[in-house]
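Inspection log for the structure reproduced underneath, given as structure tokens.
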Amino acid sequence: MIRNEIAKLLREITGKEARIEHPADAGHGDYSTNIAMEAKLDAKEIARKIEDNPMFEKVEVAGPGFINFFLTKEFLLDTITQILRQKEKYGGAEQGKTLVIDYSAPNIAKPFGIGHLRSTIIGQALYNIYEFLGWQCIGDNHLGDWGTQFGELIYQLKKDKLKDKAGKEKNKILEDLTIEELEKLYVKFHEEAEKTPKMGEEARSWFKKLEKGDKEAKEIWQACVDLSLKEFDRIYKLLAIKIDCALGESFYQGMLKKVIDEAIKKKIATKSQGALIIKYPQEKLPPAMILKSDGATTYLTRDLATIKYRLKKWKPDLILYEVGAEQYLHFKQLFWAVELLRWAKREKFFHVAHGLIRFKEGKLSTRKGRTIHLEEVLKEAIKRARKIIEQSETGRGLSKEEKEKVGEAVGIGAVKYNDLSQHYSGDIIFDWDKILNLKGNSGPYLQYTFARCQSVLRKAEYKVKDEKIKSIDLNKEEEDILRIIYEFPEVIEEAAKNFSPNLICNFIFGLAQRYNLFYTLHPIIKAETPELKVFRLALTAAIAQVLKNALSLLGISAPEKM
RNA sequence: GCCCUCGUAGUUCAAUGGACAGAAUGCGAACUUGCGGAGUUUGUGAUAGAGGUUCGACUCCUCUCGAGGGCACCA
């Protein structure tokens, strides 16, 4: 990567790490550094030592002391050759590290709500990005299949549905349960528990029974799990999400006692008001509970066991948690606890704390029944996309089956892109029209641009030949494209480093915009000369390739026609 | 009460301490005898407020105002 080479040159001359950026204004070159100002060195002298390097057309000093680098046309044209040669590998790397990423993690016995959309989509994109950069990735769906909530559910289920029922009759009821019914029971429990606090105790005792292996509790729990997994599979299929393993919280039951014993032995856990807690004397962190006063475990206990298991099984270099920001404190406590236990440095962990999706009026809450079901959103997205295909000129010539497929790709693509194109940290206000936006800075715009490229290449019967692009005169639009397309590999590295797929979105949107402008102004197939035609087709093929690579990282499909 | 995150055009988002704050959408005006009009061009319009650090601040620090989240028996 040319950026690294510039950094190396500057290091040799100044002995310092330079920050190198792409100036917003093309007049300021392709790369720029402010090292002279930062290190109080003579910019002109540094520039003089570099200016003869064949990588650059010129190196100049401008403004208050910026050193600007201008790449040669040969380099810019060579990028096209490189893209066409490396194809779907362009932008990737071979880093040989291991990542465990914890994402999606829907809760059993609840519908797949829109609240889990961000975790699922961003998590999968991060997985794809790291894998593309050569990491071995393990995607773990840490299902919310354990905890007091099941005590609540079992209590309510017994009270409302299973009262005095047994044997076959009971099994039938459990088999016929639906997610919607379970959701209603859950909401009802919280409504009633507000008036009758005793219900909380009863629910907790049911969870306790579940932990102890009570037959009836286990039976009901299993029915809920089976039902939920079926539901989730449907959503994952629609979203094209492939998660490597889904161990879930219940998987770690057998390891909890060991973790607690270890914490006690290492004098990290102490008794307090009948419960077992971890204190953080050095940090300004509130204490965290690993054992309730009734002896039941908590979320933290299970997460500790999970980490222990993951460290041992995969020896990862990095463990990512794609989980909402409301759990910020929990993860801070968790990572510190891991360090106190001397299992690993807390730098090995990172919580990609995404903002929540909320209504204008406030937070979504399953407890209060204020949720939006993800499936509903996805179906609506597909419906709207299909409607546009019917109306659009561009849809002609597609068979009925193709239209169905394209509608799905476009609708789902729009929902995914809407999420991925924003930085993860901010909250998202749920807005139907925005989430289903099919114009402007949207997934369909990129899919459209890709399909357009494919259409041109098809008409021209273009075949990629491994040939060096001849040096030709470039118009402004062509030059603009060449001056950013080579940044793609850098963008992917940045996206990985900052856990920010939105950087990839920014980049390809800009690229697509420039290509569409070029497209309207200059003929490709009927270019002025045969050399120009060859070049413009190669450029089109390269753009298509980069768009496709980027979309595939984002988990968005790129139909050939739409 | 304490802690965390965030305030950028009417709306939704960008901008590793850098050069004139960039888009999308909305509204107004244009572009099709050219390969896909889900497109392109153009007008409009913003850093919550007050200090400070810096050659340079949307970005860092302090305070004020506003929004959201969290703070031991939910996860």
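By convention here, the chains of the structure tokens are called A, B, ... in the order presented, each chain's residues are numbered starting at 1, and ligands are numbered starting at 1 in the order presented.
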Excluding same-chain residues fewer than 4 positions from segment 104-110 of chain A, what lies within 7 Å of it counting only C-alpha atoms (C1' of nucleotides), as a PyMOL selection string? chain A and resi 116+119-120+141-145+179+182-183+224-225+228
Any chance you could export the current selection's N, CA and C atoms as a CSV table (one decimal), in the first residue's frame?
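Final output, again18.csv:
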chain,number,residue,atom,x,y,z
A,116,HIS,N,-32.4,-5.9,17.7
A,116,HIS,CA,-31.3,-6.8,17.4
A,116,HIS,C,-30.8,-6.7,16.0
A,119,SER,N,-27.1,-5.1,15.9
A,119,SER,CA,-26.0,-6.1,16.3
A,119,SER,C,-25.8,-7.1,15.2
A,120,THR,N,-26.9,-7.6,14.7
A,120,THR,CA,-26.8,-8.6,13.7
A,120,THR,C,-26.1,-8.1,12.4
A,141,ASN,N,-23.1,-16.6,18.2
A,141,ASN,CA,-24.4,-16.0,18.6
A,141,ASN,C,-24.7,-16.3,20.0
A,142,HIS,N,-24.4,-15.4,20.9
A,142,HIS,CA,-24.6,-15.6,22.3
A,142,HIS,C,-26.1,-15.4,22.7
A,143,LEU,N,-26.8,-16.4,22.4
A,143,LEU,CA,-28.3,-16.4,22.6
A,143,LEU,C,-28.7,-16.1,24.0
A,144,GLY,N,-29.7,-15.3,24.2
A,144,GLY,CA,-30.2,-15.0,25.5
A,144,GLY,C,-31.1,-16.1,25.9
A,145,ASP,N,-30.6,-17.2,26.3
A,145,ASP,CA,-31.5,-18.4,26.5
A,145,ASP,C,-31.4,-18.8,28.0
A,179,ILE,N,-44.5,-17.6,19.3
A,179,ILE,CA,-43.7,-16.5,19.8
A,179,ILE,C,-44.6,-15.4,20.3
A,182,LEU,N,-45.9,-16.0,23.7
A,182,LEU,CA,-44.9,-15.9,24.7
A,182,LEU,C,-44.6,-14.4,25.0
A,183,GLU,N,-44.6,-13.6,23.9
A,183,GLU,CA,-44.3,-12.2,24.1
A,183,GLU,C,-45.4,-11.6,25.0
A,224,CYS,N,-39.6,-23.5,24.7
A,224,CYS,CA,-39.4,-22.1,24.3
A,224,CYS,C,-38.2,-22.0,23.3
A,225,VAL,N,-37.1,-22.7,23.7
A,225,VAL,CA,-35.9,-22.6,22.9
A,225,VAL,C,-36.2,-23.1,21.5
A,228,SER,N,-38.2,-20.7,19.4
A,228,SER,CA,-37.5,-19.5,19.1
A,228,SER,C,-36.5,-19.8,17.9
Under the rule of at most 7 Å, produce a per-residue listing of chain B near chain A: chain, number, name, the closest pair of atoms, and the distance in Å, as a Markdown table, using only C-alpha atoms (C1' of nucleotides).
| residue | atom | partner | partner_atom | distance |
| --- | --- | --- | --- | --- |
| B:C13 | C1' | A:Gln422 | CA | 6.6 |
| B:A19 | C1' | A:Gly63 | CA | 6.8 |
| B:A24 | C1' | A:Asn441 | CA | 5.4 |
| B:G34 | C1' | A:Pro523 | CA | 6.7 |
| B:C35 | C1' | A:Val456 | CA | 5.4 |
| B:G36 | C1' | A:Thr394 | CA | 5.7 |
| B:A38 | C1' | A:Lys439 | CA | 6.1 |
| B:U40 | C1' | A:Leu517 | CA | 6.3 |
| B:G69 | C1' | A:Glu326 | CA | 5.6 |
| B:G70 | C1' | A:Glu326 | CA | 6.4 |
| B:A72 | C1' | A:Met289 | CA | 5.9 |
| B:C73 | C1' | A:Lys292 | CA | 5.3 |
| B:A75 | C1' | A:Tyr299 | CA | 6.4 |
Would you mind exporting N, CA and C atoms (P, O5', C5', C4', C3', O3' and C1' of nucleotides) of the selected residues as a short mmCIF file (atom, residue, chain, number, x, y, z; two decimals), in the first residue's frame?
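And here's again_31.cif as it stands now:
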data_model
loop_
_atom_site.label_atom_id
_atom_site.label_comp_id
_atom_site.auth_asym_id
_atom_site.auth_seq_id
_atom_site.Cartn_x
_atom_site.Cartn_y
_atom_site.Cartn_z
P C B 13 -29.91 10.35 12.40
"O5'" C B 13 -28.80 10.09 11.28
"C5'" C B 13 -27.45 10.36 11.49
"C4'" C B 13 -26.73 10.14 10.19
"C3'" C B 13 -25.25 10.46 10.21
"O3'" C B 13 -24.51 9.36 10.72
"C1'" C B 13 -26.21 11.46 8.33
P A B 19 -9.45 21.28 6.61
"O5'" A B 19 -9.28 22.67 5.89
"C5'" A B 19 -8.84 23.80 6.61
"C4'" A B 19 -8.03 24.68 5.68
"C3'" A B 19 -8.67 24.90 4.31
"O3'" A B 19 -8.43 26.21 3.91
"C1'" A B 19 -6.51 23.95 4.05
P A B 24 -26.01 14.84 -2.84
"O5'" A B 24 -27.05 13.96 -2.03
"C5'" A B 24 -26.97 12.54 -2.08
"C4'" A B 24 -27.90 11.95 -1.04
"C3'" A B 24 -29.33 12.47 -1.11
"O3'" A B 24 -30.09 11.76 -2.08
"C1'" A B 24 -28.57 12.57 1.12
P G B 34 -29.49 8.88 -29.46
"O5'" G B 34 -29.39 8.23 -27.99
"C5'" G B 34 -29.05 6.89 -27.94
"C4'" G B 34 -27.70 6.77 -27.23
"C3'" G B 34 -27.91 6.55 -25.77
"O3'" G B 34 -27.44 5.22 -25.50
"C1'" G B 34 -26.20 8.16 -26.18
P C B 35 -28.63 4.18 -25.73
"O5'" C B 35 -28.05 3.06 -24.78
"C5'" C B 35 -27.16 2.10 -25.32
"C4'" C B 35 -26.23 1.62 -24.25
"C3'" C B 35 -26.77 1.82 -22.85
"O3'" C B 35 -27.47 0.64 -22.50
"C1'" C B 35 -24.45 2.40 -23.00
P G B 36 -28.11 0.47 -21.08
"O5'" G B 36 -28.72 1.82 -20.65
"C5'" G B 36 -29.66 2.64 -20.76
"C4'" G B 36 -30.46 2.81 -19.50
"C3'" G B 36 -29.80 3.66 -18.42
"O3'" G B 36 -30.80 4.45 -17.80
"C1'" G B 36 -30.39 1.57 -17.54
P A B 38 -35.04 4.74 -13.15
"O5'" A B 38 -34.27 5.25 -11.87
"C5'" A B 38 -34.83 6.23 -11.04
"C4'" A B 38 -34.35 6.02 -9.61
"C3'" A B 38 -32.83 5.94 -9.50
"O3'" A B 38 -32.42 6.44 -8.23
"C1'" A B 38 -33.76 3.92 -8.79
P U B 40 -26.86 10.55 -9.53
"O5'" U B 40 -26.69 11.54 -10.76
"C5'" U B 40 -25.56 11.43 -11.62
"C4'" U B 40 -25.59 12.54 -12.64
"C3'" U B 40 -25.63 13.95 -12.07
"O3'" U B 40 -24.36 14.41 -11.66
"C1'" U B 40 -27.25 13.75 -13.76
P G B 69 -33.81 6.65 27.56
"O5'" G B 69 -32.44 5.93 27.91
"C5'" G B 69 -31.95 4.90 27.08
"C4'" G B 69 -30.55 4.53 27.47
"C3'" G B 69 -30.37 4.01 28.88
"O3'" G B 69 -30.74 2.65 28.99
"C1'" G B 69 -28.68 5.58 28.43
P G B 70 -31.33 2.13 30.37
"O5'" G B 70 -30.07 2.09 31.34
"C5'" G B 70 -29.04 1.12 31.13
"C4'" G B 70 -27.84 1.45 31.97
"C3'" G B 70 -28.02 1.35 33.47
"O3'" G B 70 -27.96 0.01 33.92
"C1'" G B 70 -26.83 3.31 32.97
P A B 72 -28.06 -0.60 40.98
"O5'" A B 72 -27.81 -2.11 41.40
"C5'" A B 72 -27.82 -3.14 40.42
"C4'" A B 72 -27.63 -4.44 41.13
"C3'" A B 72 -28.68 -4.71 42.21
"O3'" A B 72 -29.74 -5.45 41.65
"C1'" A B 72 -26.51 -5.08 43.06
P C B 73 -31.12 -4.95 41.79
"O5'" C B 73 -31.77 -6.00 40.80
"C5'" C B 73 -32.59 -7.02 41.28
"C4'" C B 73 -31.75 -8.28 41.40
"C3'" C B 73 -32.62 -9.45 41.84
"O3'" C B 73 -32.81 -10.31 40.74
"C1'" C B 73 -30.56 -9.35 43.06
P A B 75 -30.91 -12.03 34.71
"O5'" A B 75 -30.62 -11.61 33.21
"C5'" A B 75 -31.40 -12.13 32.13
"C4'" A B 75 -30.99 -11.40 30.88
"C3'" A B 75 -29.52 -11.52 30.53
"O3'" A B 75 -29.26 -12.69 29.79
"C1'" A B 75 -30.15 -9.26 30.46
#
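Across the structure, atom CA of Glu175 of chain A and atom CA of Phe150 of chain A are spaced 17.2 Å apart.
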Record the distance separating atom C1' of U44 of chain B and atom C1' of G10 of chain B, expressed in Å with one decimal. 11.2 Å
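Using only C-alpha atoms (C1' of nucleotides), the residues found no farther than 12 Å from U59 of chain B, other than those of its own chain fewer than 4 positions away, are U8, A15, U16, G17, G18, A21 and U47 of chain B.
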Prev. selection, C-alpha atoms (C1' of nucleotides), output as a PDB file, in the first residue's frame:
ATOM      1  C1'   U B   8     -23.757  19.879  12.719  1.00  0.00           C
ATOM      2  C1'   A B  15     -15.784  15.053   8.357  1.00  0.00           C
ATOM      3  C1'   U B  16      -7.784  10.018  12.203  1.00  0.00           C
ATOM      4  C1'   G B  17      -6.618  18.512  15.499  1.00  0.00           C
ATOM      5  C1'   G B  18      -5.815  20.659   9.193  1.00  0.00           C
ATOM      6  C1'   A B  21     -17.676  21.953   7.275  1.00  0.00           C
ATOM      7  C1'   U B  47     -21.147  23.193  13.907  1.00  0.00           C
TER       8        U B  47
END
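Assigned to strand (DSSP E) in segment 185-309 of chain A, given DSSP computed from backbone atoms, are Ala269, Thr270, Lys271, Ser272, Ala275, Leu276, Ile277, Ile278, Ala288, Met289, Ile290 and Leu291 of chain A.
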Selection file, N, CA and C atoms, as a PDB file, in the first residue's frame:
ATOM      1  N   ALA A 269     -13.849 -11.849  44.607  1.00  0.00           N
ATOM      2  CA  ALA A 269     -15.265 -11.780  44.976  1.00  0.00           C
ATOM      3  C   ALA A 269     -15.408 -11.716  46.493  1.00  0.00           C
ATOM      4  N   THR A 270     -16.319 -10.893  46.947  1.00  0.00           N
ATOM      5  CA  THR A 270     -16.581 -10.815  48.386  1.00  0.00           C
ATOM      6  C   THR A 270     -18.080 -10.884  48.643  1.00  0.00           C
ATOM      7  N   LYS A 271     -18.426 -11.278  49.885  1.00  0.00           N
ATOM      8  CA  LYS A 271     -19.836 -11.358  50.268  1.00  0.00           C
ATOM      9  C   LYS A 271     -20.364  -9.964  50.588  1.00  0.00           C
ATOM     10  N   SER A 272     -21.588  -9.730  50.197  1.00  0.00           N
ATOM     11  CA  SER A 272     -22.216  -8.460  50.539  1.00  0.00           C
ATOM     12  C   SER A 272     -23.721  -8.624  50.508  1.00  0.00           C
ATOM     13  N   ALA A 275     -25.142 -11.648  48.906  1.00  0.00           N
ATOM     14  CA  ALA A 275     -24.770 -11.926  47.521  1.00  0.00           C
ATOM     15  C   ALA A 275     -23.250 -11.921  47.406  1.00  0.00           C
ATOM     16  N   LEU A 276     -22.778 -12.377  46.243  1.00  0.00           N
ATOM     17  CA  LEU A 276     -21.345 -12.392  46.002  1.00  0.00           C
ATOM     18  C   LEU A 276     -21.027 -11.341  44.943  1.00  0.00           C
ATOM     19  N   ILE A 277     -20.170 -10.409  45.294  1.00  0.00           N
ATOM     20  CA  ILE A 277     -19.906  -9.325  44.349  1.00  0.00           C
ATOM     21  C   ILE A 277     -18.413  -9.136  44.093  1.00  0.00           C
ATOM     22  N   ILE A 278     -18.133  -8.485  42.976  1.00  0.00           N
ATOM     23  CA  ILE A 278     -16.755  -8.100  42.665  1.00  0.00           C
ATOM     24  C   ILE A 278     -16.661  -6.599  42.890  1.00  0.00           C
ATOM     25  N   ALA A 288     -20.021  -5.327  40.946  1.00  0.00           N
ATOM     26  CA  ALA A 288     -20.819  -6.171  40.057  1.00  0.00           C
ATOM     27  C   ALA A 288     -21.100  -7.491  40.738  1.00  0.00           C
ATOM     28  N   MET A 289     -22.283  -7.999  40.530  1.00  0.00           N
ATOM     29  CA  MET A 289     -22.713  -9.197  41.226  1.00  0.00           C
ATOM     30  C   MET A 289     -22.474 -10.451  40.392  1.00  0.00           C
ATOM     31  N   ILE A 290     -21.894 -11.486  41.016  1.00  0.00           N
ATOM     32  CA  ILE A 290     -21.746 -12.739  40.276  1.00  0.00           C
ATOM     33  C   ILE A 290     -22.606 -13.861  40.863  1.00  0.00           C
ATOM     34  N   LEU A 291     -23.141 -13.620  42.032  1.00  0.00           N
ATOM     35  CA  LEU A 291     -24.050 -14.616  42.611  1.00  0.00           C
ATOM     36  C   LEU A 291     -25.104 -13.882  43.426  1.00  0.00           C
TER      37      LEU A 291
END
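From atom CA of Glu17 of chain A back to atom C1' of G52 of chain B, the distance works out to 28.8 Å.
Residue nearest Lys209 of chain A within the list A:Met255, A:Ile154, A:Gln454, A:Ile481: A:Ile154 [criterion: smallest interatomic distance, only C-alpha atoms].
The set of residues in segment 57-87 of chain A assigned to helix (DSSP H, G or I) by DSSP, using only backbone atoms of this structure, is Lys73, Glu74, Phe75, Leu76, Leu77, Asp78, Thr79, Ile80, Thr81, Gln82, Ile83, Leu84, Arg85, Gln86 and Lys87 of chain A.
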So which residues touch Ile435 of chain A within 10 Å, counting only C-alpha atoms (C1' of nucleotides), skipping near sequence neighbours fewer than 6 positions away, as a VMD selection string? chain A and resid 377 to 378 381 411 414 to 419 429 442
Please provide the set of residues having any atom within 12 Å of Gly96 of chain A, restricted to only C-alpha atoms (C1' of nucleotides), with same-chain residues fewer than 4 positions apart removed, written as a PyMOL selection string. chain A and resi 130-137+316-317
